[in-house]
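K.L.:
Once you've had a glance at the structure underneath, I'll fire off some questions.
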Amino acid sequence: MPPVPIGRITHYFPKAGVAVLKLDKPLRVGEMIKVVGHDSTFTQEVDSMQVDHSPIDIAQPGQSIGLKVKEKVHEGNAVYKIEIEAESSNV
C-alpha cells in the first residue's frame with residue numbers, strides 16, 4: 001500500500017528534537033510515518049505525541065501536534081503514514 005499524506009512540518013525545535021506537525025488526517029501512537037524533505041527522508045514509529053504539552057494517543061485532522069523525531073526536519077517537510085502489511089509465513 002502506498003504511503004498516505006497526513007500533514008506537514010510547521011516548526012522544528014532542534015535542541016529538543018521535536019517537530020510541530022499540522023495534520024490533515026488522523027494519527028495514532030504506534031503508527032509508522034515517513035518524513036520527506038529536500039535533504040533527508042526517514043521512517044519512524046510514532047512513540048508519543050503532545051498537544052499543549054499534554055500527551056495524547058490519537059490526533060485529529062486540523063490539530064498541530066508535537067512529535068519527537070529521530071532526525072532533523074525542516075518547515076514544509078511532508079509527512080506520510082505507512083501502512084504495515086502483515087508478513088505471510090510460508091510453512
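In the C-alpha cells, the first chain shown is A, the next is B, and so on; residue numbers restart at 1 for each chain, and ligands run from 1 in the order shown.
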Considering only C-alpha atoms, give me a table of residues in segment 10-76 of chain A that are at most 7 Å from segment 81-86 of chain A, with the closest atom pair and distance in Å for each, as a tab-separated table.
P.N.:
residue	atom	partner	partner_atom	distance
A:Met32	CA	A:Ile82	CA	5.3
A:Ile33	CA	A:Lys81	CA	4.5
A:Lys34	CA	A:Lys81	CA	6.3
K.L.:
Of the candidates A:Lys68, A:His74, A:Ser48, A:Gln63, which one gets nearest to Arg28 of chain A if we count only C-alpha atoms?
P.N.:
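The shortest atom-to-atom distance to Arg28 of chain A comes from A:Ser48.
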K.L.:
Rounded to one decimal in Å, what is the spacing between atom CA of Ile9 of chain A and atom CA of Gly62 of chain A?
P.N.:
12.9 Å
K.L.:
Quick one: residues within 7 Å of Val29 of chain A, only C-alpha atoms counted, chain neighbours fewer than 5 positions away excluded, as an NGL selection string?
P.N.:
:A and (46-48 or 57-58)
K.L.:
Mind the document's chain letters and residue numbers, and return as an MDAnalysis selection string the residues of chain A that DSSP labels strand (DSSP E or B).
P.N.:
chainID A and resid 4:13 18:23 27:28 32:36 41:45 49:51 54:56 58:59 64:68 78:82
K.L.:
Create the file for the chosen residues now, containing N, CA and C atoms and written as a compact mmCIF listing (two decimals), in the first residue's frame.
P.N.:
# COMPACT_ATOMS: atom_id res chain seq x y z
N VAL A 4 0.31 7.33 2.74
CA VAL A 4 -0.81 8.26 2.69
C VAL A 4 -0.36 9.60 3.27
N PRO A 5 -0.47 10.72 2.51
CA PRO A 5 -0.08 12.01 3.07
C PRO A 5 -0.99 12.39 4.24
N ILE A 6 -0.37 12.79 5.37
CA ILE A 6 -1.17 13.13 6.55
C ILE A 6 -0.92 14.54 7.07
N GLY A 7 0.12 15.23 6.57
CA GLY A 7 0.36 16.58 7.06
C GLY A 7 1.73 17.10 6.69
N ARG A 8 2.07 18.27 7.29
CA ARG A 8 3.35 18.93 7.01
C ARG A 8 3.96 19.44 8.31
N ILE A 9 5.28 19.48 8.32
CA ILE A 9 6.02 20.05 9.45
C ILE A 9 5.88 21.58 9.38
N THR A 10 5.50 22.20 10.49
CA THR A 10 5.37 23.65 10.52
C THR A 10 6.46 24.31 11.36
N HIS A 11 7.13 23.54 12.21
CA HIS A 11 8.22 24.09 13.03
C HIS A 11 9.08 22.94 13.55
N TYR A 12 10.33 23.27 13.88
CA TYR A 12 11.24 22.26 14.43
C TYR A 12 12.03 22.89 15.56
N PHE A 13 12.11 22.19 16.69
CA PHE A 13 12.89 22.61 17.85
C PHE A 13 14.13 21.72 17.92
N VAL A 18 12.16 17.97 18.49
CA VAL A 18 10.71 17.88 18.39
C VAL A 18 10.23 18.70 17.19
N ALA A 19 9.32 18.12 16.43
CA ALA A 19 8.71 18.80 15.30
C ALA A 19 7.25 19.10 15.62
N VAL A 20 6.76 20.21 15.05
CA VAL A 20 5.33 20.50 15.10
C VAL A 20 4.75 20.06 13.77
N LEU A 21 3.75 19.20 13.84
CA LEU A 21 3.13 18.62 12.66
C LEU A 21 1.68 19.05 12.58
N LYS A 22 1.31 19.73 11.49
CA LYS A 22 -0.09 20.12 11.24
C LYS A 22 -0.73 18.99 10.45
N LEU A 23 -1.76 18.38 11.04
CA LEU A 23 -2.36 17.18 10.46
C LEU A 23 -3.54 17.47 9.53
N LEU A 27 -3.87 10.55 13.25
CA LEU A 27 -2.63 9.83 13.53
C LEU A 27 -2.70 9.27 14.94
N ARG A 28 -2.18 8.05 15.12
CA ARG A 28 -2.19 7.38 16.43
C ARG A 28 -0.77 7.01 16.85
N MET A 32 3.37 4.05 11.92
CA MET A 32 4.63 4.37 11.26
C MET A 32 4.42 5.57 10.34
N ILE A 33 5.40 6.50 10.36
CA ILE A 33 5.35 7.65 9.48
C ILE A 33 6.64 7.75 8.67
N LYS A 34 6.55 8.45 7.56
CA LYS A 34 7.70 8.74 6.72
C LYS A 34 7.75 10.25 6.54
N VAL A 35 8.90 10.85 6.87
CA VAL A 35 9.11 12.28 6.70
C VAL A 35 9.97 12.48 5.46
N VAL A 36 9.48 13.30 4.53
CA VAL A 36 10.18 13.50 3.27
C VAL A 36 10.56 14.97 3.15
N THR A 41 15.18 11.85 4.09
CA THR A 41 13.92 11.10 4.17
C THR A 41 14.15 9.99 5.17
N PHE A 42 13.22 9.83 6.11
CA PHE A 42 13.36 8.76 7.09
C PHE A 42 11.99 8.27 7.52
N THR A 43 12.00 7.08 8.10
CA THR A 43 10.79 6.43 8.59
C THR A 43 10.96 6.19 10.09
N GLN A 44 9.88 6.37 10.85
CA GLN A 44 9.94 6.09 12.28
C GLN A 44 8.55 5.77 12.80
N GLU A 45 8.54 5.10 13.95
CA GLU A 45 7.28 4.84 14.66
C GLU A 45 6.93 6.05 15.50
N MET A 49 2.99 11.68 21.26
CA MET A 49 2.55 12.95 20.68
C MET A 49 2.05 13.83 21.82
N GLN A 50 2.11 15.15 21.59
CA GLN A 50 1.60 16.08 22.59
C GLN A 50 0.82 17.20 21.92
N VAL A 51 -0.17 17.69 22.65
CA VAL A 51 -0.88 18.91 22.28
C VAL A 51 -0.87 19.78 23.53
N SER A 54 0.55 18.29 26.70
CA SER A 54 -0.15 17.14 27.30
C SER A 54 -0.09 15.96 26.33
N PRO A 55 0.28 14.77 26.82
CA PRO A 55 0.35 13.61 25.94
C PRO A 55 -1.03 13.20 25.42
N ILE A 56 -1.05 12.76 24.16
CA ILE A 56 -2.27 12.24 23.55
C ILE A 56 -1.93 10.94 22.82
N ILE A 58 -4.25 9.81 20.22
CA ILE A 58 -4.85 9.98 18.90
C ILE A 58 -4.92 11.47 18.59
N ALA A 59 -4.44 11.84 17.40
CA ALA A 59 -4.53 13.23 16.94
C ALA A 59 -5.48 13.30 15.76
N SER A 64 -2.43 20.67 15.46
CA SER A 64 -0.97 20.77 15.39
C SER A 64 -0.43 20.05 16.61
N ILE A 65 0.44 19.07 16.38
CA ILE A 65 0.94 18.24 17.47
C ILE A 65 2.45 18.35 17.57
N GLY A 66 2.97 18.12 18.77
CA GLY A 66 4.40 17.98 18.98
C GLY A 66 4.77 16.52 18.85
N LEU A 67 5.83 16.27 18.09
CA LEU A 67 6.23 14.89 17.79
C LEU A 67 7.75 14.78 17.87
N LYS A 68 8.24 13.88 18.72
CA LYS A 68 9.67 13.63 18.81
C LYS A 68 10.11 12.94 17.53
N ALA A 78 7.01 17.07 4.08
CA ALA A 78 5.77 16.30 4.01
C ALA A 78 5.87 15.08 4.93
N VAL A 79 4.75 14.72 5.54
CA VAL A 79 4.70 13.55 6.42
C VAL A 79 3.62 12.60 5.89
N TYR A 80 3.99 11.32 5.81
CA TYR A 80 3.11 10.29 5.29
C TYR A 80 2.93 9.20 6.33
N LYS A 81 1.75 8.58 6.35
CA LYS A 81 1.52 7.40 7.18
C LYS A 81 1.82 6.18 6.33
N ILE A 82 2.54 5.23 6.92
CA ILE A 82 2.89 4.00 6.22
C ILE A 82 2.07 2.87 6.82
K.L.:
To one decimal place, how far is atom CA of Ala16 of chain A from atom CA of Asp39 of chain A in Å?
P.N.:
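Answer for the atom CA of Ala16 of chain A to atom CA of Asp39 of chain A separation: 20.3 Å.
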K.L.:
What is the distance, in Å and to one decimal place, between atom CA of Gly76 of chain A and atom CA of Met1 of chain A?
P.N.:
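Spanning atom CA of Gly76 of chain A to atom CA of Met1 of chain A is a straight-line distance of 24.0 Å.
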